[in-house]
Amino acid sequence: MSRDETRTLNPAPAASVRQEQPQPRSAWVTRLVILGLVLAALNLRPAITSLGPLLEEVRTGLGMSGSVAGLLTSVPPLCFAVFGLTAPRLARRFGPGAIVCAGMAAIAAGLFLRPYLGGTAGFLAASALALMGIAVSNILMPVIVKRWFPDRVGQMTGLYSMALALGTALAAAATVPMTRAMGGSWQTGLAVWGTLAAVAVLPWLVLTRHSSTRAPKTRTAAQEQGAPAPAPAPAPALSITRSRTAWALACYFGLQATAAYITMGWMPQIFRDAGVSAGTAGVLLAVTMAMGVPLAFVIPRVASRLRNQGPIVVALGLCGLMGYAGLYLAPATGAWAWALLLGVSNCAFPLALTMIGMRAKSGAGVVRLSAFAQSTGYLISIPGPLLVGVLYQHSGSWGLPIGLMAGLMVPQLVVGVLAGRNRTIEDELG
């Protein structure tokens with residue numbers, strides 16, 4: 001077993017520890033954690049990207065207006081913000097693995113149920129159940145990585161970010177063909193993704209029943225000589241809202257989430273209104289999401305080696321601005337190029353996750369920062385997709401919505417550069 005796999009997250013001071021002696025951990029448990037991370041990540045976006053290519057059929061089937069459809073695309077960040085706040089408390093009480101396991105079960109149940117409950121209200125309620133599972137899992141992914149692989153944050157963040165991008169792209173590309181192959185019913189085409197979530201429950205179910213799923217602990221010299229362990233001192237509370245870096249990360253996370261959910265919810269419709277077929281529009285969305293598969297593995301590894309992640313923030317933002325300009329000027333003619341550029345821009349998500357792991361020194365700090373940055377960020381992102389739907393319905397074209405998307409990229413660049421500075425919340429808060 002490598003030293004990376006057994007190194008503890010918060011070693012005690014050298015004077016009180018003779019030598020780090022992590023509790024032994026089975027290799028198969030480590031492999032199962034990695035498998036669980038990958039399977040969980042695969043399920044963090046299909047509930048959303050499977051809907052985009054079939055949004056027109058869902059709107060027709062449920063009788064939705066454009067504004068209500070905009071509300072539907074705003075439900076994911078709303079659920080992520082509200083339910084994400086509960087993740088730290090639930091993780092402290094039950095353990096991160098148990099909460100991720102429950103999250104995967106909620107995703108499966110919500111996806112199986114939502115097409116068949118009848119009416120917009122039932123569809124929204126079941127979607128909220130699935131999104132609740134996604135929300136708590138979103139928050140706890142960086143925590144599990146920091147806890148189990150503290151010296152490989154970039155590598156493991158890249159791995160599950162790549163799996164997340166793969167699941168996102170797979171749902172976008174395969175939903176329409178699968179729907180046609182299974183008889184053309186949009187209900188079946190959406191419900192089938194619950195099967196993937198059900199599979200993801202299994203490794204986490206095993207891990208929650210295995211006592212070694214807790215992070216290894218160190219033994220002090222006194223404990224090795226048989227002395228009773230002293231009562232642990234409570235970790236100092238971090239007033240996270242006083243940290244400028246935490247706010248910069250939250251704003252950056254929120255603005256990149258705004259761009260991502262507008263893209264996932266509305267980009268297929270932009271292409272369809274420009275004359276692109278439904279199947280091709282789904283494939284274009286899949287291309288956008290698929291760009292995250294290689295880049296989500298590379299960007300966190302590169303970012304973790306840099307003291308300042310600002311240059312990466314700028315490069316991704318410029319790609320987004322070029323993609324929006326293309327959507328405005330020639331949406332159908334250069335569709336593949338715009339899909340690629342927006343796919344690169346969407347890799348701000350794994351970059352944000354990597355910076356969350358780097359802007360805190362301790363596991364407790366990562367939990368607090370992850371919950372604050374993601375929950376606050378998702379609150380920030382709620383109005384964006386809804387406003388796009390309203391602007392589209394009242395203007396009858398995509399000019400104003402695309403202008404809004406491009407305009408939001410400017411503050412995203414600014415706060416991203418601030419969040420990328422080499423500092424931690426513990427340093428800022430003393």
# chains A, B, ... in the order shown; residues from 1 in each chain; ligands from 1

call {"tool": "residues_around", "arguments": {"residues": "region 248-258 of chain A", "least_positions_apart": "2", "cutoff": "6 Å", "atoms": "only C-alpha atoms", "output": "list in words"}}
result
Thr245, Ala246, Ala260, Tyr261, Ala373, Thr376, Gly377, Tyr378, Ile380, Ser381, Gly384, Gln412, Val415, Gly416 and Ala419 of chain A

call {"tool": "atom_distance", "arguments": {"atom1": "CA of Trp193 (chain A)", "atom2": "CA of Pro46 (chain A)"}}
result
6.9 Å

call {"tool": "residues_around", "arguments": {"residues": "Arg421 (chain A)", "least_positions_apart": "3", "cutoff": "8 Å", "atoms": "only C-alpha atoms", "output": "VMD selection string"}}
result
chain A and resid 307 to 310 417 to 418

call {"tool": "write_last_selection", "arguments": {"atoms": "N, CA, C and O atoms", "output": "mmCIF file, in the first residue's frame"}}
result
data_model
loop_
_atom_site.group_PDB
_atom_site.id
_atom_site.type_symbol
_atom_site.label_atom_id
_atom_site.label_comp_id
_atom_site.auth_asym_id
_atom_site.auth_seq_id
_atom_site.Cartn_x
_atom_site.Cartn_y
_atom_site.Cartn_z
ATOM 1 N N ARG A 307 0.617 27.621 -8.097
ATOM 2 C CA ARG A 307 0.332 28.408 -6.907
ATOM 3 C C ARG A 307 -0.879 29.309 -7.134
ATOM 4 O O ARG A 307 -1.612 29.625 -6.208
ATOM 5 N N ASN A 308 -1.084 29.733 -8.373
ATOM 6 C CA ASN A 308 -2.180 30.632 -8.709
ATOM 7 C C ASN A 308 -2.926 30.055 -9.913
ATOM 8 O O ASN A 308 -2.325 29.812 -10.958
ATOM 9 N N GLN A 309 -4.243 29.850 -9.763
ATOM 10 C CA GLN A 309 -5.025 29.245 -10.832
ATOM 11 C C GLN A 309 -5.690 30.289 -11.745
ATOM 12 O O GLN A 309 -6.491 29.940 -12.616
ATOM 13 N N GLY A 310 -5.355 31.577 -11.551
ATOM 14 C CA GLY A 310 -5.959 32.634 -12.354
ATOM 15 C C GLY A 310 -5.800 32.469 -13.856
ATOM 16 O O GLY A 310 -6.768 32.679 -14.606
ATOM 17 N N VAL A 417 -10.349 34.828 -10.851
ATOM 18 C CA VAL A 417 -8.957 35.233 -10.628
ATOM 19 C C VAL A 417 -8.717 35.475 -9.135
ATOM 20 O O VAL A 417 -7.675 35.087 -8.586
ATOM 21 N N LEU A 418 -9.677 36.081 -8.454
ATOM 22 C CA LEU A 418 -9.540 36.311 -7.014
ATOM 23 C C LEU A 418 -9.521 34.983 -6.247
ATOM 24 O O LEU A 418 -8.744 34.807 -5.310
#

call {"tool": "residues_around", "arguments": {"residues": "Cys79 (chain A)", "least_positions_apart": "3", "cutoff": "12 Å", "atoms": "only C-alpha atoms", "output": "ChimeraX atom specification"}}
result
/A:72-76,82-86,124-136,138,374-379,381-382

call {"tool": "residues_around", "arguments": {"residues": "Ala325 (chain A)", "least_positions_apart": "3", "cutoff": "12 Å", "atoms": "only C-alpha atoms", "output": "PyMOL selection string"}}
result
chain A and resi 318-322+328-331+334-335+337-339+341-342+398-399+401-407+409

call {"tool": "write_last_selection", "arguments": {"atoms": "N, CA, C and O atoms", "output": "mmCIF file, in the first residue's frame"}}
result
data_model
loop_
_atom_site.group_PDB
_atom_site.id
_atom_site.type_symbol
_atom_site.label_atom_id
_atom_site.label_comp_id
_atom_site.auth_asym_id
_atom_site.auth_seq_id
_atom_site.Cartn_x
_atom_site.Cartn_y
_atom_site.Cartn_z
ATOM 1 N N LEU A 318 -12.362 32.947 -21.758
ATOM 2 C CA LEU A 318 -12.263 33.428 -23.145
ATOM 3 C C LEU A 318 -12.890 32.435 -24.121
ATOM 4 O O LEU A 318 -13.522 32.831 -25.104
ATOM 5 N N CYS A 319 -12.731 31.150 -23.860
ATOM 6 C CA CYS A 319 -13.390 30.143 -24.708
ATOM 7 C C CYS A 319 -14.911 30.302 -24.642
ATOM 8 O O CYS A 319 -15.609 30.185 -25.655
ATOM 9 N N GLY A 320 -15.429 30.575 -23.444
ATOM 10 C CA GLY A 320 -16.864 30.778 -23.308
ATOM 11 C C GLY A 320 -17.356 31.978 -24.080
ATOM 12 O O GLY A 320 -18.402 31.925 -24.755
ATOM 13 N N LEU A 321 -16.626 33.089 -24.017
ATOM 14 C CA LEU A 321 -17.029 34.287 -24.748
ATOM 15 C C LEU A 321 -17.047 34.043 -26.254
ATOM 16 O O LEU A 321 -17.954 34.496 -26.961
ATOM 17 N N MET A 322 -16.051 33.317 -26.770
ATOM 18 C CA MET A 322 -16.028 33.003 -28.201
ATOM 19 C C MET A 322 -17.186 32.090 -28.583
ATOM 20 O O MET A 322 -17.804 32.239 -29.649
ATOM 21 N N TYR A 328 -24.502 33.448 -31.269
ATOM 22 C CA TYR A 328 -25.270 34.632 -31.663
ATOM 23 C C TYR A 328 -25.194 34.880 -33.174
ATOM 24 O O TYR A 328 -26.201 35.181 -33.820
ATOM 25 N N LEU A 329 -23.995 34.723 -33.736
ATOM 26 C CA LEU A 329 -23.779 35.097 -35.130
ATOM 27 C C LEU A 329 -24.143 33.998 -36.123
ATOM 28 O O LEU A 329 -24.702 34.278 -37.183
ATOM 29 N N ALA A 330 -23.815 32.745 -35.804
ATOM 30 C CA ALA A 330 -24.043 31.650 -36.760
ATOM 31 C C ALA A 330 -24.281 30.351 -36.014
ATOM 32 O O ALA A 330 -23.440 29.452 -36.027
ATOM 33 N N PRO A 331 -25.428 30.218 -35.332
ATOM 34 C CA PRO A 331 -25.648 29.053 -34.473
ATOM 35 C C PRO A 331 -25.617 27.722 -35.200
ATOM 36 O O PRO A 331 -25.110 26.735 -34.663
ATOM 37 N N GLY A 334 -21.743 27.123 -37.563
ATOM 38 C CA GLY A 334 -20.552 26.721 -36.797
ATOM 39 C C GLY A 334 -20.888 25.956 -35.542
ATOM 40 O O GLY A 334 -20.154 26.038 -34.550
ATOM 41 N N ALA A 335 -21.999 25.203 -35.580
ATOM 42 C CA ALA A 335 -22.516 24.557 -34.369
ATOM 43 C C ALA A 335 -21.468 23.705 -33.661
ATOM 44 O O ALA A 335 -21.349 23.733 -32.426
ATOM 45 N N ALA A 337 -18.184 23.908 -33.702
ATOM 46 C CA ALA A 337 -17.136 24.728 -33.080
ATOM 47 C C ALA A 337 -17.632 25.368 -31.792
ATOM 48 O O ALA A 337 -16.916 25.402 -30.784
ATOM 49 N N TRP A 338 -18.882 25.876 -31.802
ATOM 50 C CA TRP A 338 -19.408 26.526 -30.602
ATOM 51 C C TRP A 338 -19.602 25.495 -29.488
ATOM 52 O O TRP A 338 -19.363 25.800 -28.311
ATOM 53 N N ALA A 339 -20.027 24.292 -29.868
ATOM 54 C CA ALA A 339 -20.182 23.240 -28.865
ATOM 55 C C ALA A 339 -18.844 22.902 -28.213
ATOM 56 O O ALA A 339 -18.760 22.698 -26.995
ATOM 57 N N LEU A 341 -16.138 24.913 -27.957
ATOM 58 C CA LEU A 341 -15.666 26.035 -27.145
ATOM 59 C C LEU A 341 -16.428 26.117 -25.818
ATOM 60 O O LEU A 341 -15.827 26.338 -24.756
ATOM 61 N N LEU A 342 -17.735 25.924 -25.864
ATOM 62 C CA LEU A 342 -18.511 25.957 -24.627
ATOM 63 C C LEU A 342 -18.190 24.759 -23.744
ATOM 64 O O LEU A 342 -18.265 24.847 -22.508
ATOM 65 N N TRP A 398 -33.230 34.360 -29.661
ATOM 66 C CA TRP A 398 -32.173 34.016 -28.704
ATOM 67 C C TRP A 398 -31.137 35.115 -28.534
ATOM 68 O O TRP A 398 -30.139 34.927 -27.831
ATOM 69 N N GLY A 399 -31.338 36.288 -29.137
ATOM 70 C CA GLY A 399 -30.346 37.359 -29.040
ATOM 71 C C GLY A 399 -30.124 37.833 -27.617
ATOM 72 O O GLY A 399 -28.982 37.887 -27.121
ATOM 73 N N PRO A 401 -31.092 36.372 -24.633
ATOM 74 C CA PRO A 401 -30.541 35.351 -23.735
ATOM 75 C C PRO A 401 -29.048 35.107 -23.946
ATOM 76 O O PRO A 401 -28.296 34.953 -22.968
ATOM 77 N N ILE A 402 -28.599 35.068 -25.180
ATOM 78 C CA ILE A 402 -27.170 34.839 -25.425
ATOM 79 C C ILE A 402 -26.353 36.036 -24.949
ATOM 80 O O ILE A 402 -25.255 35.883 -24.399
ATOM 81 N N GLY A 403 -26.883 37.248 -25.117
ATOM 82 C CA GLY A 403 -26.206 38.422 -24.580
ATOM 83 C C GLY A 403 -26.068 38.351 -23.072
ATOM 84 O O GLY A 403 -25.038 38.755 -22.510
ATOM 85 N N LEU A 404 -27.109 37.846 -22.396
ATOM 86 C CA LEU A 404 -27.033 37.666 -20.946
ATOM 87 C C LEU A 404 -25.933 36.681 -20.576
ATOM 88 O O LEU A 404 -25.145 36.917 -19.645
ATOM 89 N N MET A 405 -25.870 35.561 -21.303
ATOM 90 C CA MET A 405 -24.838 34.554 -21.011
ATOM 91 C C MET A 405 -23.442 35.144 -21.143
ATOM 92 O O MET A 405 -22.574 34.934 -20.279
ATOM 93 N N ALA A 406 -23.214 35.895 -22.227
ATOM 94 C CA ALA A 406 -21.898 36.484 -22.441
ATOM 95 C C ALA A 406 -21.585 37.527 -21.372
ATOM 96 O O ALA A 406 -20.448 37.615 -20.882
ATOM 97 N N GLY A 407 -22.590 38.326 -20.998
ATOM 98 C CA GLY A 407 -22.362 39.353 -19.982
ATOM 99 C C GLY A 407 -21.973 38.771 -18.633
ATOM 100 O O GLY A 407 -21.150 39.352 -17.918
ATOM 101 N N MET A 409 -20.221 36.208 -18.116
ATOM 102 C CA MET A 409 -18.876 35.639 -18.147
ATOM 103 C C MET A 409 -17.832 36.630 -17.623
ATOM 104 O O MET A 409 -16.785 36.219 -17.101
#

call {"tool": "atom_distance", "arguments": {"atom1": "CA of Thr120 (chain A)", "atom2": "CA of Leu386 (chain A)"}}
result
16.0 Å

call {"tool": "select_by_dssp", "arguments": {"residues": "region 193-427 of chain A", "states": "alpha helix (DSSP H)", "output": "PyMOL selection string"}}
result
chain A and resi 194-208+221-224+244-273+278-290+292-305+310-329+335-345+348-358+363-381+383-395+399-419+425-427

call {"tool": "closest_residue", "arguments": {"among": "A:Gly63, A:Leu32, A:Val199, A:Leu78", "to": "Ala108 (chain A)", "atoms": "only C-alpha atoms"}}
result
A:Val199

call {"tool": "atom_distance", "arguments": {"atom1": "CA of Leu190 (chain A)", "atom2": "CA of Thr288 (chain A)"}}
result
20.0 Å

call {"tool": "closest_residue", "arguments": {"among": "A:Gly396, A:Pro203, A:Gly167, A:Pro268", "to": "Ala98 (chain A)", "atoms": "only C-alpha atoms"}}
result
A:Pro203
